Structure formats: C-alpha cells, structure tokens
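Colleague: The structure follows.
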Protein chains: 2
Amino acid sequence: MTKASPSAGDRKRLSPEERRAMIVAGATAYFSEVGLEGNTRELSKRLGVTQSLIFNYFSTKTDLLEAVYRAVYLDRISPDWPALIADRSRPIHDRALTFYREYTQAIFSYEWMRIFMFSGLAGAELNRRYLEHVSRLLLRPLMEEFRSAAPGPRKPEMEDIWNLHGGIIYIGIRRYVYQVPCPDDQDPAIRAAVGRFVDAFDIPCEQACQTVPSLPDGKAQANADITTR
Amino acid sequence: MTKASPSAGDRKRLSPEERRAMIVAGATAYFSEVGLEGNTRELSKRLGVTQSLIFNYFSTKTDLLEAVYRAVYLDRISPDWPALIADRSRPIHDRALTFYREYTQAIFSYEWMRIFMFSGLAGAELNRRYLEHVSRLLLRPLMEEFRSAAPGPRKPEMEDIWNLHGGIIYIGIRRYVYQVPCPDDQDPAIRAAVGRFVDAFDIPCEQACQTVPSLPDGKAQANADITTR
DNA sequence: ATTCTTATTGATCAAATGATCTATTGCGTT
DNA sequence: AACGCAATAGATCATTTGATCAATAAGAAT
C-alpha cells in the first residue's frame with residue numbers, strides 16, 4: 001500500500017500536476033470504497049497530506065468528485081469497438097464474444113464498478129449519458145448485426161440485447177458491489193452467455209465454433225486475471 | 001402523499017406501534033431515495049414530526065436503519081418457491097418462468113432495489129446472507145431441475161444460472177438504480193430470457209409453450225416510459 | 001550560502017448532524 | 001371538568017465536516 005504518514009517531518013513538494021494526479025488517484029480509491037460522501041479528512045490521511053491541501057487543488061469537494069468521475073470514465077470505451085462490431089468479415093458470434101471480453105476487461109475493476117454504482121444511485125447525469133452512449137454506439141449496432149445474421153424470423157429486440165448485456169455485467173456486480181464469491185476467471189461464463197444468445201437466434205456457427213467452444217467442460221478455471229482490488 | 005407539516009398546532013398522538021411503523025415506512029422511502037447517510041432532520045421533516053421523536057423510538061440511527069432493513073427484506077422470499085421449483089409435474093420451463101415472474105414482482109420496487117444496492121455497496125452482511133439464501137434455496141435447486149430436464153450432455157453450471165438470474169435482475173437495476181427508460185412491462189423480456197435459457201439446453205417444450213401466459217399480459221411491450229416510482 | 005517562490009501545513013470558522021434532556025400537551029380515565 | 005400518564009416538541013450539546021487563511025519550509029535559482 002502507499003505510505004500513509006499523515007504529518008511528520010517528511011514534507012514533500014510535488015509539482016502541481018503530480019500532486020493533483022495523486023489526489024485524484026487517492027480519491028478514486030477512497031470514494032470507490034466508502035462512497036461519494038466519504039470525508040476529506042479521512043482521504044487526506046490516506047494520502048499522507050493535510051486536509052487543507054486538497055482544497056488547494058480542488059475548490060470544492062464536488063470539484064474533486066468530478067475529477068474522479070472524469071478519471072474513471074475517461075477512455076473506458078474503446079473507439080475500436082464500433083468497427084469490431086460492424087466487421088461482417090467475422091462471424092457475429094466471434095465479434096460479440098471479443099467485444100464482451102474486451103469490455104469486461106475495461107470496466108470490471110473495483111473502482112469503476114463501484115463508482116459507477118454510487119453515482120448511478122446518486123442520479124448522476126453522467127451515468128445516464130454513459131448508458132445512452134453504450135446503447136447507441138455499441139448495443140444497438142450489436143443488435144443490428146445479430147438481426148442481420150439471424151436466418152429465421154426470430155430476431156433480437158433491444159431488450160434481448162440488454163438481457164445479454166445485463167447477464168454479463170451482473171458478474172461484475174456480484175464481485176465488486178455485493179462482494180460475494182465469484183470464479184476468478186469469468187471468461188467461461190461470458191463464452192457460455194454469448195454462445196446461448198447466438199444459438200437462440202439460429203445463427204449458423206461457421207468457423208467461430210471451432211475456435212470458441214460454446215460450452216465450458218468443467219469448473220476448473222485456470223487463470224485469475226482480475227483481482228478483487 | 002402524506003402530510004408533511006413539520007411543526008404546527010397539529011400535534012397528533014399515535015400509539016407507539018403506529019408511530020414506529022410510520023417512522024420505519026418514512027425512513028424506508030427516504031433512505032432508499034437519498035442513501036443510507038441521509039440525515040434524521042430531513043427525515044423528520046418529511047414525516048412531519050420533530051427530529052428528537054425519531055430518537056424516542058430508535059436509540060440510534062443504526063437501530064433505525066436495521067429496522068428499515070428488516071422491513072424491506074422481510075417476507076420477500078416466498079416459502080412456496082422451493083416447492084414450485086421442485087414440482088416435476090410441471091415443465092421446468094413453466095416453473096422457471098413462473099418463479100421469475102413472481103420473484104421480480106416481489107423485489108422490483110424502488111425501495112427494495114435501491115436499499116439492497118446501497119447496503120450492498122456498504123458491505124452489509126445482510127446482503128451476503130440474502131444472496132447466499134437465494135443461491136442455496138432457489139438458484140441451486142433451479143440448476144438441479146434444469147440439469148435433470150436436460151436430455152443431452154450440456155447441462156448448466158451455477159454460473160449459467162447466475163447469468164440467467166443477472167440478466168433478469170439487471171432490468172430492475174436499469175429501472176430503479178440507473179433510472180434509465182425501460183419498458184413498462186418487463187414480462188416479455190423475462191419470457192424471452194427464460195425461453196432462450198431453456199432452448200440452450202435442448203429441453204423439450206412439452207405443453208409449457210402453450211400454457212405459459214399465467215399472468216394477464218398486456219400488450220404494452222414497445223412502450224418505453226420511465227416509471228421510477 | 002542566501003534568497004525567493006510557492007507547495008504545504010496548522011489553526012480555525014461555520015454549518016451540519018447524531019444524540020440528549022426537559023418542557024409541553026394530547027387524550028384516555030375518573 | 002379535572003387529572004395524570006406518556007407521546008411529542010423545543011432547546012441544546014458534542015462531533016463531524018467542508019472550507020478558509022496566515023504561517024512555514026522545501027527546493028530551485030542566484
């Protein structure tokens with residue numbers, strides 16, 4: 001852990017940019033743990049600085065929280081995903097699975113999941129904008145690709161896509177919000193969820209099924225790529 | 001709504017039981033809206049009583065919150081569900097769908113969803129106990145029934161059941177936590193999710209597919225309106 | 001080594017908040 | 001109508017917490 005000496009002879013001078021970044025990083029960790037109403041004194045203790053220093057860099061606590069929001073939300077959505085989803089040279093099964101692997105890789109973290117949930121409960125406009133963004137740029141195109149790939153008359157609606165999405169996101173909610181035991185490796189569950197969804201709309205397998213077995217054989221998960229913190 | 005006059009000549013004397021119940025009800029509504037760190041003065045204003053009165057019925061704010069937890073969690077899990085899930089005289093498709101209709105009916109409310117999320121983020125032991133309860137008494141038996149009904153070698157693991165569960169619960173999270181527009185009637189989405197899950201394990205349809213609508217389902221499917229309360 | 005800029009500290013204020021205690025008064029009893 | 005119990009109100013205390021500001025000292029420039 002970072003050093004947490006609150007007040008001693010070890011007064012260090014950092015450049016404003018470094019100090020500001022350090023405060024934002026510490027605030028992200030702290031507020032994601034205790035909630036957005038965490039107090040600045042406890043935060044300053046964890047940072048190893050005085051409480052007043054925080055207000056030297058952020059005029060108000062709300063300002064600090066907005067910096068945290070920006071740091072957390074920034075660059076989580078890869079600009080490559082719309083092209084990935086729309087790339088019809090690859091089977092939709094493959095594209096959907098790759099997308100959800102990368103998407104969960106991006107947002108399944110203690111900080112992101114909890115800050116998002118805290119700010120969502122607080123009614124932050126930022127959350128609604130984010131979800132609208134995800135819906136318009138990622139999920140709706142994903143639906144269109146599924147509809148285009150489905151040979152029969154059964155084609156997914158947006159609510160079906162939200163169901164696929166929610167089932168996968170819920171893994172992160174269990175792990176980081178409820179903090180109940182979860183498999184270390186969520187990849188088999190994601191693979192199975194995407195596989196079931198593809199099957200449900202009679203989408204032919206093509207070469208995707210060889211590289212991606214749609215059903216995991218056992219519960220022996222090997223790697224743990226995402227830790228609890 | 002209830003009258004919210006804070007202090008006037010309308011001092012009313014209620015029996016301790018009535019007053020206590022009134023405070024718990026008001027606290028549930030208030031805390032579910034603003035979070036568990038809401039203050040007792042604002043709560044007392046909404047109740048139309050003085051702040052000190054709250055501490056006449058609850059020795060501490062934590063006491064009050066525990067009463068809120070009890071009121072919210074109490075009797076949400078029907079004792080009939082284990083028997084419903086285990087009733088092999090009915091197709092598993094039918095049982096799963098009925099269960100999720102009744103379960104979402106029970107917990108999809110502004111108060112429940114948000115109190116559960118707030119206390120989950122706060123790390124409340126009660127949440128973990130609740131989820132453990134759901135897992136052991138409902139989801140694991142549900143998995144066993146699916147495994148028994150599946151004719152082929154593909155049988156669901158617990159993670160698959162959690163995926164089904166999460167995809168459905170996520171509807172309530174979108175509506176009450178994120179408060180984004182959702183269909184008024186979530187029944188079609190639930191029906192579709194359970195249907196896809198059943199299909200994925202090659203479970204024969206039997207008469208389930210005809211007798212499915214056990215609720216008077218309206219036609220308000222594409223009707224997307226935000227119904228936050 | 002001395003000077004100077006400014007990042008940082010320590011003290012402090014004002015408002016908010018949980019909790020306590022005594023005075024009031026609604027309402028059943030007589 | 002008078003009485004008395006106890007439900008309720010109002011005042012108040014002790015902390016907590018966001019925010020301010022003058023004093024201090026780290027580190028670069030000379």
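Just so we're on the same page: first chain in the structure tokens is A, next is B, and so on; residues restart at 1 for each chain, and ligands are numbered from 1 in the order they show up.
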Could you tell me which residues of chain D sit within 10 Å of chain A when counting only C-alpha atoms (C1' of nucleotides), and give me the result as a PyMOL selection string?
Modeller: chain D and resi 16-20+25-27
Colleague: Emit the selected residues as a JSON list (two decimals), in the first residue's frame, including C-alpha atoms (C1' of nucleotides).
Modeller:
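Final file, out-v3.json:
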```
[["chain", "number", "residue", "atom", "x", "y", "z"],
["D", 16, "DT", "C1'", -18.09, 15.94, 12.40],
["D", 17, "DT", "C1'", -17.06, 18.13, 8.15],
["D", 18, "DG", "C1'", -16.45, 21.36, 4.19],
["D", 19, "DA", "C1'", -13.89, 25.34, 3.56],
["D", 20, "DT", "C1'", -10.57, 29.47, 4.61],
["D", 25, "DA", "C1'", 9.55, 25.37, 4.80],
["D", 26, "DA", "C1'", 11.15, 22.63, 0.50],
["D", 27, "DG", "C1'", 13.75, 23.22, -3.33]]
```
Colleague: With 7 Å as the cut-off and only C-alpha atoms counted, what is the closest atom pair between each nearby residue of chain A and chain B? Distances in Å to one decimal, ordered by chain and number, as a Markdown table.
Modeller:
```
| residue | atom | partner | partner_atom | distance |
| --- | --- | --- | --- | --- |
| A:Gly120 | CA | B:Tyr178 | CA | 5.0 |
| A:Leu121 | CA | B:Val177 | CA | 5.3 |
| A:Gly123 | CA | B:Tyr178 | CA | 7.0 |
| A:Arg128 | CA | B:Val180 | CA | 6.5 |
| A:Glu159 | CA | B:Ala189 | CA | 6.1 |
| A:Asp160 | CA | B:Ala189 | CA | 6.6 |
| A:Asn163 | CA | B:Gly167 | CA | 4.7 |
| A:Leu164 | CA | B:Gly167 | CA | 6.4 |
| A:Gly166 | CA | B:Gly167 | CA | 4.6 |
| A:Gly167 | CA | B:Gly167 | CA | 3.7 |
| A:Ile168 | CA | B:Asn163 | CA | 6.7 |
| A:Tyr170 | CA | B:Gly166 | CA | 5.2 |
| A:Val177 | CA | B:Leu121 | CA | 5.3 |
| A:Tyr178 | CA | B:Gly120 | CA | 5.0 |
| A:Val180 | CA | B:Arg128 | CA | 6.5 |
| A:Ala189 | CA | B:Glu159 | CA | 6.2 |
| A:Arg196 | CA | B:Ala200 | CA | 5.6 |
| A:Asp199 | CA | B:Ala200 | CA | 6.9 |
| A:Ala200 | CA | B:Arg196 | CA | 5.6 |
```
Colleague: Write the residues of the preceding selection, restricted to C-alpha atoms, as a PDB file, in the first residue's frame.
Modeller:
```pdb
ATOM      1  CA  GLY A 120     -25.876   5.851 -10.528  1.00  0.00           C
ATOM      2  CA  LEU A 121     -27.698   5.700  -7.218  1.00  0.00           C
ATOM      3  CA  GLY A 123     -28.748  10.037 -10.002  1.00  0.00           C
ATOM      4  CA  ARG A 128     -27.333   8.187 -17.969  1.00  0.00           C
ATOM      5  CA  GLU A 159     -34.451  -5.746 -24.584  1.00  0.00           C
ATOM      6  CA  ASP A 160     -32.857  -9.024 -25.635  1.00  0.00           C
ATOM      7  CA  ASN A 163     -30.543  -9.078 -21.257  1.00  0.00           C
ATOM      8  CA  LEU A 164     -27.322 -10.408 -22.743  1.00  0.00           C
ATOM      9  CA  GLY A 166     -27.007  -7.420 -18.043  1.00  0.00           C
ATOM     10  CA  GLY A 167     -26.254 -11.063 -17.520  1.00  0.00           C
ATOM     11  CA  ILE A 168     -22.592 -10.369 -18.168  1.00  0.00           C
ATOM     12  CA  TYR A 170     -24.017  -8.833 -13.282  1.00  0.00           C
ATOM     13  CA  VAL A 177     -20.676  -4.451  -5.399  1.00  0.00           C
ATOM     14  CA  TYR A 178     -22.081  -7.361  -3.425  1.00  0.00           C
ATOM     15  CA  VAL A 180     -19.746 -12.400  -2.909  1.00  0.00           C
ATOM     16  CA  ALA A 189     -19.370 -17.650 -18.185  1.00  0.00           C
ATOM     17  CA  ARG A 196     -26.509 -19.299 -25.752  1.00  0.00           C
ATOM     18  CA  ASP A 199     -27.845 -20.236 -30.590  1.00  0.00           C
ATOM     19  CA  ALA A 200     -31.188 -18.770 -29.604  1.00  0.00           C
TER      20      ALA A 200
END
```
Colleague: Return the Cα root-mean-square deviation, in Å, for chain A superposed on chain B by least squares with the Cα atoms paired in order.
Modeller: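 Here the C-alpha RMSD works out to 2.7 Å.
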Colleague: Which is closest to chain C among A:Lys45, A:Leu53, A:Arg90, A:Ala25, if we use only C-alpha atoms (C1' of nucleotides)?
Modeller: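 When distances to chain C are compared using only C-alpha atoms (C1' of nucleotides), the smallest one comes from A:Leu53.
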Colleague: Please, which residues of chain C lie no more than 8 Å from chain A when the count uses only C-alpha atoms (C1' of nucleotides), and can they be set out as a CSV table (one decimal) with N, CA and C atoms (P, O5', C5', C4', C3', O3' and C1' of nucleotides), in the first residue's frame?
Modeller:
```csv
chain,number,residue,atom,x,y,z
C,7,DA,P,2.8,25.9,-6.3
C,7,DA,O5',2.9,24.4,-5.7
C,7,DA,C5',4.2,23.8,-5.6
C,7,DA,C4',4.4,23.1,-4.3
C,7,DA,C3',3.2,22.3,-3.8
C,7,DA,O3',3.7,21.1,-3.2
C,7,DA,C1',3.7,23.9,-2.2
C,8,DT,P,2.7,20.0,-2.6
C,8,DT,O5',2.5,20.4,-1.1
C,8,DT,C5',3.7,20.3,-0.2
C,8,DT,C4',3.3,20.8,1.2
C,8,DT,C3',2.1,20.3,1.8
C,8,DT,O3',2.5,19.4,2.9
C,8,DT,C1',2.3,22.6,2.2
C,9,DT,P,1.4,18.7,3.9
C,9,DT,O5',1.4,19.6,5.1
C,9,DT,C5',2.6,20.0,5.7
C,9,DT,C4',2.4,21.1,6.8
C,9,DT,C3',1.4,20.8,7.8
C,9,DT,O3',2.0,20.9,9.1
C,9,DT,C1',0.9,22.9,6.9
```
Colleague: One number please: CA of His93 in chain A to CA of Val194 in chain B, in Å, one decimal.
Modeller: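 One can read the CA of His93 in chain A to CA of Val194 in chain B distance as 20.4 Å.
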Colleague: Enumerate as a ChimeraX atom specification all residues of range 3-228 of chain A assigned to helix (DSSP H, G or I) by DSSP on the backbone, naming them with the chain letters and numbers the document uses.
Modeller: /A:16-34,40-47,51-57,61-73,81-86,92-107,110-121,125-149,158-178,187-200,208-211
